[in-house]
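Q: Next comes the structure file input-v7.cif, holding mmCIF, C-alpha atoms and all ligand atoms.
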```cif
data_run
#
loop_
_atom_site.group_PDB
_atom_site.id
_atom_site.type_symbol
_atom_site.label_atom_id
_atom_site.label_comp_id
_atom_site.auth_asym_id
_atom_site.auth_seq_id
_atom_site.Cartn_x
_atom_site.Cartn_y
_atom_site.Cartn_z
ATOM 1 C CA MET A 19 47.205 17.530 10.994
ATOM 2 C CA TYR A 20 45.624 20.952 10.254
ATOM 3 C CA ASN A 21 46.796 24.424 11.363
ATOM 4 C CA THR A 22 43.563 26.413 11.162
ATOM 5 C CA ILE A 23 40.788 23.886 11.715
ATOM 6 C CA LEU A 24 40.095 20.997 14.089
ATOM 7 C CA THR A 25 38.311 17.829 13.017
ATOM 8 C CA LYS A 26 36.846 15.017 15.084
ATOM 9 C CA ASN A 27 34.672 12.055 14.158
ATOM 10 C CA GLU A 28 31.899 11.866 16.743
ATOM 11 C CA ASN A 29 29.564 8.914 16.104
ATOM 12 C CA GLY A 30 29.909 9.219 12.339
ATOM 13 C CA THR A 31 29.641 13.018 12.277
ATOM 14 C CA LEU A 32 32.810 14.903 11.370
ATOM 15 C CA VAL A 33 32.838 18.021 13.543
ATOM 16 C CA ILE A 34 34.864 20.656 11.700
ATOM 17 C CA THR A 35 35.815 23.604 13.936
ATOM 18 C CA ILE A 36 37.369 26.685 12.376
ATOM 19 C CA ASN A 37 40.085 27.502 14.852
ATOM 20 C CA ARG A 38 41.337 31.097 14.673
ATOM 21 C CA PRO A 39 39.401 32.530 17.622
ATOM 22 C CA ASP A 40 41.815 35.474 18.047
ATOM 23 C CA LYS A 41 40.900 36.533 14.486
ATOM 24 C CA MET A 42 37.189 35.778 14.881
ATOM 25 C CA ASN A 43 37.786 32.610 12.805
ATOM 26 C CA ALA A 44 38.185 34.712 9.646
ATOM 27 C CA LEU A 45 38.585 32.674 6.472
ATOM 28 C CA ASN A 46 42.112 33.103 5.168
ATOM 29 C CA LYS A 47 43.717 31.052 2.368
ATOM 30 C CA ASP A 48 44.806 28.312 4.771
ATOM 31 C CA VAL A 49 41.323 27.916 6.272
ATOM 32 C CA ILE A 50 39.802 27.617 2.789
ATOM 33 C CA GLU A 51 42.341 24.979 1.758
ATOM 34 C CA GLU A 52 42.024 23.010 4.980
ATOM 35 C CA LEU A 53 38.228 23.153 4.868
ATOM 36 C CA GLY A 54 38.465 21.844 1.301
ATOM 37 C CA SER A 55 40.568 18.948 2.475
ATOM 38 C CA ALA A 56 38.242 18.131 5.400
ATOM 39 C CA LEU A 57 35.309 18.159 2.980
ATOM 40 C CA GLU A 58 37.128 15.670 0.734
ATOM 41 C CA LYS A 59 37.146 13.360 3.748
ATOM 42 C CA VAL A 60 33.411 13.856 4.297
ATOM 43 C CA TYR A 61 32.808 12.904 0.661
ATOM 44 C CA SER A 62 35.121 9.885 0.553
ATOM 45 C CA ASP A 63 35.293 8.305 4.025
ATOM 46 C CA SER A 64 32.547 5.707 4.427
ATOM 47 C CA GLU A 65 32.776 6.007 8.232
ATOM 48 C CA ILE A 66 31.703 9.655 7.991
ATOM 49 C CA LYS A 67 27.956 9.999 7.479
ATOM 50 C CA SER A 68 27.529 13.734 8.075
ATOM 51 C CA ALA A 69 29.325 16.881 9.218
ATOM 52 C CA ILE A 70 28.911 19.877 11.481
ATOM 53 C CA ILE A 71 30.751 23.133 10.787
ATOM 54 C CA THR A 72 31.272 25.438 13.760
ATOM 55 C CA GLY A 73 33.710 28.060 15.103
ATOM 56 C CA ALA A 74 36.155 27.962 18.017
ATOM 57 C CA GLY A 75 35.602 30.231 21.012
ATOM 58 C CA GLU A 76 32.514 31.914 22.339
ATOM 59 C CA LYS A 77 32.334 34.994 20.140
ATOM 60 C CA ALA A 78 32.443 34.025 16.504
ATOM 61 C CA PHE A 79 31.316 31.354 14.082
ATOM 62 C CA VAL A 80 33.233 33.123 11.293
ATOM 63 C CA ALA A 81 33.501 36.927 10.981
ATOM 64 C CA GLY A 82 34.099 36.806 7.238
ATOM 65 C CA ALA A 83 36.848 36.382 4.728
ATOM 66 C CA ASP A 84 40.206 37.546 6.074
ATOM 67 C CA ILE A 85 40.245 41.244 5.193
ATOM 68 C CA SER A 86 44.033 41.406 5.583
ATOM 69 C CA GLU A 87 44.369 39.397 2.338
ATOM 70 C CA PHE A 88 42.282 41.892 0.309
ATOM 71 C CA LEU A 89 44.495 44.939 -0.243
ATOM 72 C CA SER A 90 46.940 43.245 -2.617
ATOM 73 C CA LEU A 91 44.193 42.004 -4.971
ATOM 74 C CA GLY A 92 42.963 43.488 -8.240
ATOM 75 C CA ALA A 93 39.878 42.523 -10.265
ATOM 76 C CA GLU A 94 41.315 39.214 -11.461
ATOM 77 C CA GLY A 95 42.704 38.283 -8.060
ATOM 78 C CA GLY A 96 39.400 39.092 -6.364
ATOM 79 C CA ALA A 97 37.433 36.962 -8.823
ATOM 80 C CA ALA A 98 39.955 34.124 -8.489
ATOM 81 C CA LEU A 99 39.659 34.234 -4.681
ATOM 82 C CA ALA A 100 35.872 33.876 -4.908
ATOM 83 C CA GLN A 101 36.060 31.163 -7.588
ATOM 84 C CA LYS A 102 38.548 29.067 -5.613
ATOM 85 C CA GLY A 103 36.540 29.381 -2.397
ATOM 86 C CA ARG A 104 33.351 28.315 -4.127
ATOM 87 C CA GLU A 105 35.002 25.311 -5.760
ATOM 88 C CA LEU A 106 36.954 24.119 -2.721
ATOM 89 C CA VAL A 107 34.394 24.831 -0.031
ATOM 90 C CA PHE A 108 31.060 26.559 -0.584
ATOM 91 C CA ASP A 109 29.668 24.633 -3.547
ATOM 92 C CA LYS A 110 31.277 21.460 -2.234
ATOM 93 C CA ILE A 111 29.284 21.818 0.992
ATOM 94 C CA GLU A 112 26.023 22.529 -0.821
ATOM 95 C CA ASN A 113 26.454 19.570 -3.167
ATOM 96 C CA CYS A 114 27.750 17.115 -0.566
ATOM 97 C CA PRO A 115 25.722 13.882 -0.701
ATOM 98 C CA LYS A 116 25.918 13.677 3.106
ATOM 99 C CA PRO A 117 24.154 16.224 5.343
ATOM 100 C CA ILE A 118 26.224 19.175 6.581
ATOM 101 C CA ILE A 119 24.816 21.456 9.287
ATOM 102 C CA ALA A 120 26.224 24.792 10.425
ATOM 103 C CA ALA A 121 26.265 25.192 14.220
ATOM 104 C CA VAL A 122 26.450 28.978 14.411
ATOM 105 C CA ASN A 123 27.984 29.927 17.764
ATOM 106 C CA GLY A 124 28.433 33.707 17.390
ATOM 107 C CA PHE A 125 29.176 36.288 14.686
ATOM 108 C CA SER A 126 28.375 34.890 11.255
ATOM 109 C CA LEU A 127 29.354 37.749 8.977
ATOM 110 C CA GLY A 128 30.281 38.094 5.332
ATOM 111 C CA GLY A 129 31.964 34.857 4.227
ATOM 112 C CA GLY A 130 30.863 33.404 7.575
ATOM 113 C CA CYS A 131 27.215 33.992 6.788
ATOM 114 C CA GLU A 132 27.863 32.598 3.302
ATOM 115 C CA LEU A 133 29.519 29.525 4.826
ATOM 116 C CA ALA A 134 26.520 28.931 7.100
ATOM 117 C CA MET A 135 24.133 29.410 4.169
ATOM 118 C CA ALA A 136 26.020 26.932 1.992
ATOM 119 C CA CYS A 137 25.346 24.259 4.633
ATOM 120 C CA HIS A 138 22.186 22.194 4.199
ATOM 121 C CA PHE A 139 20.660 23.962 7.186
ATOM 122 C CA ARG A 140 21.621 25.897 10.276
ATOM 123 C CA VAL A 141 21.173 25.755 14.038
ATOM 124 C CA ALA A 142 22.229 28.796 16.049
ATOM 125 C CA SER A 143 22.996 29.742 19.622
ATOM 126 C CA GLU A 144 21.130 32.656 21.186
ATOM 127 C CA ASN A 145 24.178 34.924 20.799
ATOM 128 C CA ALA A 146 24.519 34.333 17.034
ATOM 129 C CA LYS A 147 24.441 37.345 14.735
ATOM 130 C CA PHE A 148 24.157 37.210 10.958
ATOM 131 C CA GLY A 149 25.068 39.826 8.401
ATOM 132 C CA GLN A 150 26.608 40.622 5.028
ATOM 133 C CA PRO A 151 28.684 43.746 5.804
ATOM 134 C CA GLU A 152 30.799 43.656 2.605
ATOM 135 C CA VAL A 153 29.281 46.945 1.471
ATOM 136 C CA ASN A 154 31.115 48.622 4.370
ATOM 137 C CA LEU A 155 34.345 47.643 2.581
ATOM 138 C CA GLY A 156 33.142 48.706 -0.864
ATOM 139 C CA LEU A 157 32.520 45.076 -1.722
ATOM 140 C CA ILE A 158 29.742 42.593 -2.370
ATOM 141 C CA PRO A 159 29.624 38.948 -1.223
ATOM 142 C CA GLY A 160 31.615 36.627 -3.522
ATOM 143 C CA TYR A 161 30.991 33.174 -2.083
ATOM 144 C CA GLY A 162 27.359 32.968 -3.253
ATOM 145 C CA GLY A 163 25.911 35.283 -0.598
ATOM 146 C CA THR A 164 23.718 37.411 -2.862
ATOM 147 C CA GLN A 165 22.194 34.212 -4.260
ATOM 148 C CA ARG A 166 21.760 32.056 -1.169
ATOM 149 C CA LEU A 167 20.564 34.895 1.074
ATOM 150 C CA THR A 168 17.889 35.837 -1.472
ATOM 151 C CA ARG A 169 16.716 32.218 -1.660
ATOM 152 C CA LEU A 170 16.601 31.846 2.112
ATOM 153 C CA VAL A 171 15.035 35.123 3.260
ATOM 154 C CA GLY A 172 13.470 36.555 0.068
ATOM 155 C CA ARG A 173 14.419 39.455 -2.161
ATOM 156 C CA GLY A 174 13.319 42.390 -0.007
ATOM 157 C CA LYS A 175 15.037 41.321 3.216
ATOM 158 C CA ALA A 176 18.137 40.189 1.320
ATOM 159 C CA LEU A 177 18.457 43.550 -0.419
ATOM 160 C CA GLU A 178 17.993 45.371 2.898
ATOM 161 C CA MET A 179 20.624 43.250 4.680
ATOM 162 C CA LEU A 180 23.095 43.529 1.778
ATOM 163 C CA MET A 181 22.693 47.287 1.298
ATOM 164 C CA THR A 182 22.546 48.366 4.971
ATOM 165 C CA ALA A 183 25.057 45.810 6.335
ATOM 166 C CA ASP A 184 22.748 45.533 9.368
ATOM 167 C CA MET A 185 23.097 42.380 11.445
ATOM 168 C CA VAL A 186 20.144 40.224 12.471
ATOM 169 C CA GLY A 187 20.104 38.403 15.794
ATOM 170 C CA ALA A 188 19.258 34.741 16.330
ATOM 171 C CA ALA A 189 15.539 35.294 17.025
ATOM 172 C CA GLU A 190 15.080 37.320 13.849
ATOM 173 C CA ALA A 191 17.156 34.812 11.874
ATOM 174 C CA LEU A 192 14.747 32.123 13.084
ATOM 175 C CA SER A 193 11.702 34.121 12.023
ATOM 176 C CA LEU A 194 13.292 34.788 8.611
ATOM 177 C CA GLY A 195 14.015 31.093 7.987
ATOM 178 C CA LEU A 196 17.756 31.733 7.975
ATOM 179 C CA VAL A 197 18.150 29.209 10.815
ATOM 180 C CA ASN A 198 16.022 26.226 11.780
ATOM 181 C CA HIS A 199 16.565 26.229 15.560
ATOM 182 C CA VAL A 200 17.882 28.597 18.219
ATOM 183 C CA VAL A 201 19.227 27.084 21.450
ATOM 184 C CA SER A 202 21.539 28.070 24.299
ATOM 185 C CA PRO A 203 25.296 27.965 23.583
ATOM 186 C CA GLU A 204 25.635 24.752 25.661
ATOM 187 C CA GLU A 205 22.866 23.051 23.683
ATOM 188 C CA LEU A 206 24.188 24.047 20.252
ATOM 189 C CA LEU A 207 26.402 21.078 19.371
ATOM 190 C CA PRO A 208 24.153 18.524 21.135
ATOM 191 C CA LYS A 209 21.196 19.817 19.081
ATOM 192 C CA ALA A 210 23.123 19.533 15.799
ATOM 193 C CA HIS A 211 24.325 16.030 16.733
ATOM 194 C CA ALA A 212 20.797 14.931 17.691
ATOM 195 C CA ILE A 213 19.386 16.006 14.321
ATOM 196 C CA LEU A 214 22.179 14.225 12.460
ATOM 197 C CA GLN A 215 21.853 11.041 14.524
ATOM 198 C CA LYS A 216 18.201 10.909 13.465
ATOM 199 C CA ILE A 217 19.183 11.378 9.805
ATOM 200 C CA HIS A 218 21.787 8.594 10.173
ATOM 201 C CA THR A 219 18.919 6.127 10.794
ATOM 202 C CA LYS A 220 17.445 6.873 7.330
ATOM 203 C CA ALA A 221 18.439 5.407 3.962
ATOM 204 C CA PRO A 222 21.659 7.159 2.793
ATOM 205 C CA ILE A 223 20.854 6.912 -0.917
ATOM 206 C CA ALA A 224 17.467 8.574 -0.333
ATOM 207 C CA ILE A 225 19.187 11.308 1.707
ATOM 208 C CA GLU A 226 21.656 11.916 -1.119
ATOM 209 C CA LYS A 227 18.812 12.184 -3.632
ATOM 210 C CA ILE A 228 16.825 14.565 -1.402
ATOM 211 C CA ILE A 229 19.834 16.919 -1.220
ATOM 212 C CA ALA A 230 20.277 16.824 -5.002
ATOM 213 C CA CYS A 231 16.553 17.426 -5.713
ATOM 214 C CA VAL A 232 16.244 20.317 -3.255
ATOM 215 C CA ASN A 233 19.461 21.917 -4.562
ATOM 216 C CA GLU A 234 18.146 21.699 -8.139
ATOM 217 C CA SER A 235 14.939 23.398 -7.050
ATOM 218 C CA SER A 236 16.636 26.205 -5.158
ATOM 219 C CA ASN A 237 19.150 26.698 -7.970
ATOM 220 C CA GLY A 238 16.324 27.217 -10.455
ATOM 221 C CA ASP A 239 16.923 24.095 -12.568
ATOM 222 C CA HIS A 240 14.034 24.022 -15.065
ATOM 223 C CA HIS A 241 14.038 20.215 -15.098
ATOM 224 C CA SER A 242 13.948 19.749 -11.331
ATOM 225 C CA PHE A 243 10.479 18.131 -11.288
ATOM 226 C CA ASP A 244 11.502 15.654 -13.996
ATOM 227 C CA LYS A 245 14.733 14.887 -12.172
ATOM 228 C CA GLU A 246 12.736 14.127 -9.023
ATOM 229 C CA ILE A 247 10.787 11.497 -10.981
ATOM 230 C CA ILE A 248 14.024 9.917 -12.228
ATOM 231 C CA ARG A 249 15.497 9.776 -8.724
ATOM 232 C CA PHE A 250 12.214 8.478 -7.272
ATOM 233 C CA GLY A 251 12.443 5.626 -9.784
ATOM 234 C CA GLU A 252 16.087 4.995 -8.958
ATOM 235 C CA CYS A 253 15.179 4.517 -5.288
ATOM 236 C CA PHE A 254 13.059 1.494 -6.294
ATOM 237 C CA ALA A 255 16.241 -0.182 -7.552
ATOM 238 C CA THR A 256 17.908 0.021 -4.112
ATOM 239 C CA GLU A 257 18.072 -2.704 -1.477
ATOM 240 C CA ASP A 258 17.273 -0.057 1.115
ATOM 241 C CA MET A 259 13.887 0.740 -0.448
ATOM 242 C CA LYS A 260 12.915 -2.947 -0.362
ATOM 243 C CA GLU A 261 14.127 -3.119 3.247
ATOM 244 C CA GLY A 262 12.214 0.037 4.234
ATOM 245 C CA ALA A 263 8.937 -1.116 2.704
ATOM 246 C CA ALA A 264 9.322 -4.681 4.041
ATOM 247 C CA ALA A 265 10.145 -3.415 7.548
ATOM 248 C CA PHE A 266 7.039 -1.225 7.542
ATOM 249 C CA LEU A 267 4.828 -4.132 6.499
ATOM 250 C CA GLU A 268 6.470 -6.445 9.052
ATOM 251 C CA LYS A 269 6.078 -3.764 11.766
ATOM 252 C CA ARG A 270 9.796 -3.605 12.562
ATOM 253 C CA LYS A 271 12.547 -1.009 12.292
ATOM 254 C CA PRO A 272 14.405 -0.995 8.966
ATOM 255 C CA VAL A 273 18.125 -1.673 8.810
ATOM 256 C CA PHE A 274 19.532 0.395 5.943
ATOM 257 C CA LYS A 275 22.860 -0.439 4.313
ATOM 258 C CA GLY A 276 23.266 2.391 1.830
ATOM 259 C CA LYS A 277 22.813 -0.040 -1.055
HETATM 260 N N1 LIG A 301 39.297 39.542 8.682
HETATM 261 C C1 LIG A 301 40.467 39.699 9.325
HETATM 262 N N2 LIG A 301 40.551 39.910 10.655
HETATM 263 C C2 LIG A 301 39.406 39.980 11.341
HETATM 264 C C3 LIG A 301 38.153 39.837 10.740
HETATM 265 C C4 LIG A 301 38.130 39.615 9.340
HETATM 266 N N3 LIG A 301 36.988 39.434 8.666
HETATM 267 N N4 LIG A 301 37.192 39.969 11.688
HETATM 268 C C5 LIG A 301 37.835 40.172 12.851
HETATM 269 N N5 LIG A 301 39.177 40.191 12.655
HETATM 270 C C6 LIG A 301 40.240 40.396 13.648
HETATM 271 C C7 LIG A 301 40.362 41.843 14.077
HETATM 272 O O1 LIG A 301 41.123 42.562 13.152
HETATM 273 C C8 LIG A 301 41.046 41.684 15.423
HETATM 274 O O2 LIG A 301 42.400 41.405 15.188
HETATM 275 P P1 LIG A 301 43.560 42.078 16.141
HETATM 276 O O3 LIG A 301 43.238 41.570 17.539
HETATM 277 O O4 LIG A 301 44.834 41.555 15.594
HETATM 278 O O5 LIG A 301 43.384 43.561 16.021
HETATM 279 C C9 LIG A 301 40.418 40.409 15.969
HETATM 280 O O6 LIG A 301 39.899 39.697 14.849
HETATM 281 C C10 LIG A 301 39.289 40.664 16.928
HETATM 282 O O7 LIG A 301 38.321 41.473 16.266
HETATM 283 P P2 LIG A 301 37.741 42.838 16.911
HETATM 284 O O8 LIG A 301 37.211 43.669 15.782
HETATM 285 O O9 LIG A 301 38.760 43.478 17.787
HETATM 286 O O10 LIG A 301 36.559 42.261 17.814
HETATM 287 P P3 LIG A 301 35.189 42.968 18.241
HETATM 288 O O11 LIG A 301 34.567 42.084 19.256
HETATM 289 O O12 LIG A 301 35.445 44.411 18.580
HETATM 290 O O13 LIG A 301 34.282 42.975 16.890
HETATM 291 C C11 LIG A 301 33.326 41.997 14.884
HETATM 292 C C12 LIG A 301 33.846 41.762 16.324
HETATM 293 C C13 LIG A 301 33.056 40.646 14.273
HETATM 294 C C14 LIG A 301 32.038 42.845 14.916
HETATM 295 C C15 LIG A 301 34.414 42.773 14.071
HETATM 296 O O14 LIG A 301 35.643 42.069 14.206
HETATM 297 C C16 LIG A 301 34.109 42.911 12.605
HETATM 298 O O15 LIG A 301 33.315 43.754 12.217
HETATM 299 N N6 LIG A 301 34.790 42.103 11.732
HETATM 300 C C17 LIG A 301 34.723 42.235 10.314
HETATM 301 C C18 LIG A 301 33.407 41.736 9.764
HETATM 302 C C19 LIG A 301 33.352 41.899 8.254
HETATM 303 O O16 LIG A 301 33.377 42.997 7.731
HETATM 304 N N7 LIG A 301 33.276 40.758 7.569
HETATM 305 C C20 LIG A 301 33.158 40.751 6.152
HETATM 306 C C21 LIG A 301 34.465 40.542 5.514
HETATM 307 S S1 LIG A 301 34.267 40.493 3.752
#
```
Taking this structure as input, can you express it in the form of structure tokens?
A:
Amino acid sequence: MYNTILTKNENGTLVITINRPDKMNALNKDVIEELGSALEKVYSDSEIKSAIITGAGEKAFVAGADISEFLSLGAEGGAALAQKGRELVFDKIENCPKPIIAAVNGFSLGGGCELAMACHFRVASENAKFGQPEVNLGLIPGYGGTQRLTRLVGRGKALEMLMTADMVGAAEALSLGLVNHVVSPEELLPKAHAILQKIHTKAPIAIEKIIACVNESSNGDHHSFDKEIIRFGECFATEDMKEGAAAFLEKRKPVFKGK
């Protein structure tokens, strides 16, 4: 069905694997379009409750945007490339009402680091390496990297990484808060699946509202506290909230329906 990505529904989690291992899974036009289409499925298919994004092969998650597409672009073309990528993929991941985790299995550079950062959170294998080396090409990140990296690791470390192009390894990424867990390569996908299976047992409408509230906070929305109150109230109108509270009082496990 796709040429540059693989998708598989595993227990309600759509595993999306970027599949250009001979090109370090670099994001060319086709990958961006196919990722956009896979994300549409995550949004619209009720059998899909979450997603994992990972890279094929043992070396790379994604080593950036495909540099071979850059030389023909001018200012307008460059801006359009970034705009399209954000709309089709990066912002769509961040704003997805279902959880999306990056399982970072190797080099996560440039657009690859931006892709991982757009996900709701990240797990990494011990061989993962993160960096924003655009400055080596006379460029800056265009898929939200200057913004999301600053939010995740703070201004000083973000400026250092962006201006030196230095990579950070998995252990440092963990200490910086860039990733939540570091595991062996064999444990990477099982760890991501285990986290998502736990989230699948929770109330989907509450999950959706948590993502929206946290995104509003990290995107500097001045009304984010007030919006939390509105969404808190909206939860009381759901069947799942009544079920959750009743199950607690009856000392049983809740059965949530997403209603
Ligand atoms: N865009 C296009 N092609 C890329 C690519 C990218 N971002 N990253 C890697 N490739 C290609 C290489 O050109 C090479 O292709 P070839 O076999 O046809 O020559 C292939 O992937 C393997 O990469 P190679 O550089 O030979 O592997 P390596 O193990 O020596 O180095 C990296 C791995 C990731 C350190 C190195 O490929 C790299 O620095 N990539 C670019 C990272 C970058 O600047 N990203 C930001 C882009 S904005």
Q: Could you state which residues are captured by the PyMOL selection byres (((chain A and resi 199-208) around 8) and not hetatm) in this file, as JSON, numbers by chain?
A: {"A": [121, 122, 123, 140, 141, 142, 143, 144, 145, 188, 189, 192, 197, 198, 209, 210, 211, 212]}
Q: Skipping near chain neighbours, those fewer than 6 positions away, what residues fall within 9 Å of Ile217 in chain A using only C-alpha atoms, listed as a list in words?
A: Ser68, Pro117 and Ile225 of chain A
Q: Around (26.6, 11.9, 1.0) in the file's frame, which residues reach within 7 Å when counting only C-alpha atoms? Return as a PyMOL selection string?
A: chain A and resi 61+67+114-117+226
Q: Find, counting all atoms listed in the file, the residue in A:Leu89, A:Leu127, A:Leu196, A:Met135 that gets nearest to ligand LIG 301 (chain A).
A: A:Leu127
Q: On this structure, the PyMOL selection byres (((chain A and resi 160-170) around 8) and not hetatm) would catch which residues? List them as a PyMOL selection string, sorted by chain and number.
A: chain A and resi 97+100-101+103-104+108+128-129+131-133+135-136+150+158-159+171-173+175-177+180+194-196+236
Q: Put those residues in a file: C-alpha atoms, as a PDB file, keeping the file's coordinate frame.
A:
```pdb
ATOM      1  CA  ALA A  97      37.433  36.962  -8.823  1.00  0.00           C
ATOM      2  CA  ALA A 100      35.872  33.876  -4.908  1.00  0.00           C
ATOM      3  CA  GLN A 101      36.060  31.163  -7.588  1.00  0.00           C
ATOM      4  CA  GLY A 103      36.540  29.381  -2.397  1.00  0.00           C
ATOM      5  CA  ARG A 104      33.351  28.315  -4.127  1.00  0.00           C
ATOM      6  CA  PHE A 108      31.060  26.559  -0.584  1.00  0.00           C
ATOM      7  CA  GLY A 128      30.281  38.094   5.332  1.00  0.00           C
ATOM      8  CA  GLY A 129      31.964  34.857   4.227  1.00  0.00           C
ATOM      9  CA  CYS A 131      27.215  33.992   6.788  1.00  0.00           C
ATOM     10  CA  GLU A 132      27.863  32.598   3.302  1.00  0.00           C
ATOM     11  CA  LEU A 133      29.519  29.525   4.826  1.00  0.00           C
ATOM     12  CA  MET A 135      24.133  29.410   4.169  1.00  0.00           C
ATOM     13  CA  ALA A 136      26.020  26.932   1.992  1.00  0.00           C
ATOM     14  CA  GLN A 150      26.608  40.622   5.028  1.00  0.00           C
ATOM     15  CA  ILE A 158      29.742  42.593  -2.370  1.00  0.00           C
ATOM     16  CA  PRO A 159      29.624  38.948  -1.223  1.00  0.00           C
ATOM     17  CA  VAL A 171      15.035  35.123   3.260  1.00  0.00           C
ATOM     18  CA  GLY A 172      13.470  36.555   0.068  1.00  0.00           C
ATOM     19  CA  ARG A 173      14.419  39.455  -2.161  1.00  0.00           C
ATOM     20  CA  LYS A 175      15.037  41.321   3.216  1.00  0.00           C
ATOM     21  CA  ALA A 176      18.137  40.189   1.320  1.00  0.00           C
ATOM     22  CA  LEU A 177      18.457  43.550  -0.419  1.00  0.00           C
ATOM     23  CA  LEU A 180      23.095  43.529   1.778  1.00  0.00           C
ATOM     24  CA  LEU A 194      13.292  34.788   8.611  1.00  0.00           C
ATOM     25  CA  GLY A 195      14.015  31.093   7.987  1.00  0.00           C
ATOM     26  CA  LEU A 196      17.756  31.733   7.975  1.00  0.00           C
ATOM     27  CA  SER A 236      16.636  26.205  -5.158  1.00  0.00           C
TER      28      SER A 236
END
```
Q: Which residues would end up in the selection if the PyMOL selection byres (((not hetatm)) within 9 of (chain A and resi 301)) were applied here, given that I need the answer as number ranges by chain?
A: A: 38-46, 77-78, 80-88, 124-130, 149-155, 157-160, 183
Q: Which polymer residues have any atom within 10 Å of an atom of range 28-30 of chain A, counting all atoms listed in the file, with same-chain residues fewer than 6 positions away left out, as a list in words?
A: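 Everything that qualifies: Val60, Asp63, Ser64, Glu65, Ile66, Lys67, Ser68, Ala69, His211, Leu214, Gln215 and His218 of chain A.
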Q: Write the residues of the selection above to a file with C-alpha atoms, as an mmCIF file, in the coordinates of the input.
A:
```cif
data_model
loop_
_atom_site.group_PDB
_atom_site.id
_atom_site.type_symbol
_atom_site.label_atom_id
_atom_site.label_comp_id
_atom_site.auth_asym_id
_atom_site.auth_seq_id
_atom_site.Cartn_x
_atom_site.Cartn_y
_atom_site.Cartn_z
ATOM 1 C CA VAL A 60 33.411 13.856 4.297
ATOM 2 C CA ASP A 63 35.293 8.305 4.025
ATOM 3 C CA SER A 64 32.547 5.707 4.427
ATOM 4 C CA GLU A 65 32.776 6.007 8.232
ATOM 5 C CA ILE A 66 31.703 9.655 7.991
ATOM 6 C CA LYS A 67 27.956 9.999 7.479
ATOM 7 C CA SER A 68 27.529 13.734 8.075
ATOM 8 C CA ALA A 69 29.325 16.881 9.218
ATOM 9 C CA HIS A 211 24.325 16.030 16.733
ATOM 10 C CA LEU A 214 22.179 14.225 12.460
ATOM 11 C CA GLN A 215 21.853 11.041 14.524
ATOM 12 C CA HIS A 218 21.787 8.594 10.173
#
```
Q: Determine the nearest neighbour of Ala221 in chain A from the options A:Thr31, A:Ser55, A:Thr256, A:Ser235, counting all atoms listed in the file.
A: A:Thr256
Q: Between A:Ala93, A:Cys137, A:Cys253, A:Ile247, which one has atoms that come closest to Asn233 in chain A, using all atoms listed in the file?
A: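 Closest to Asn233 in chain A of all the choices is A:Cys137.
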Q: So that I can check the surroundings of Val49 in chain A, please list as an mmCIF file with C-alpha atoms, keeping the file's coordinate frame every protein, DNA and RNA residue that reaches within 8 Å of it, counting only C-alpha atoms and ignoring chain neighbours fewer than 3 positions away.
A:
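Result file is out-v4.cif:
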```cif
data_model
loop_
_atom_site.group_PDB
_atom_site.id
_atom_site.type_symbol
_atom_site.label_atom_id
_atom_site.label_comp_id
_atom_site.auth_asym_id
_atom_site.auth_seq_id
_atom_site.Cartn_x
_atom_site.Cartn_y
_atom_site.Cartn_z
ATOM 1 C CA THR A 22 43.563 26.413 11.162
ATOM 2 C CA ILE A 23 40.788 23.886 11.715
ATOM 3 C CA ILE A 36 37.369 26.685 12.376
ATOM 4 C CA LEU A 45 38.585 32.674 6.472
ATOM 5 C CA ASN A 46 42.112 33.103 5.168
ATOM 6 C CA GLU A 52 42.024 23.010 4.980
ATOM 7 C CA LEU A 53 38.228 23.153 4.868
#
```
Q: Any idea what the distance is between CA of Val186 in chain A and CA of Phe148 in chain A?
A: 5.2 Å
Q: Please measure the separation of CA of Lys275 in chain A and CA of Glu261 in chain A, giving the value in Å to one decimal.
A: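 Result for CA of Lys275 in chain A versus CA of Glu261 in chain A: 9.2 Å, one decimal.
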Q: Quick one, how far is CA of Cys231 in chain A from CA of Phe243 in chain A?
A: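 The value is 8.3 Å.
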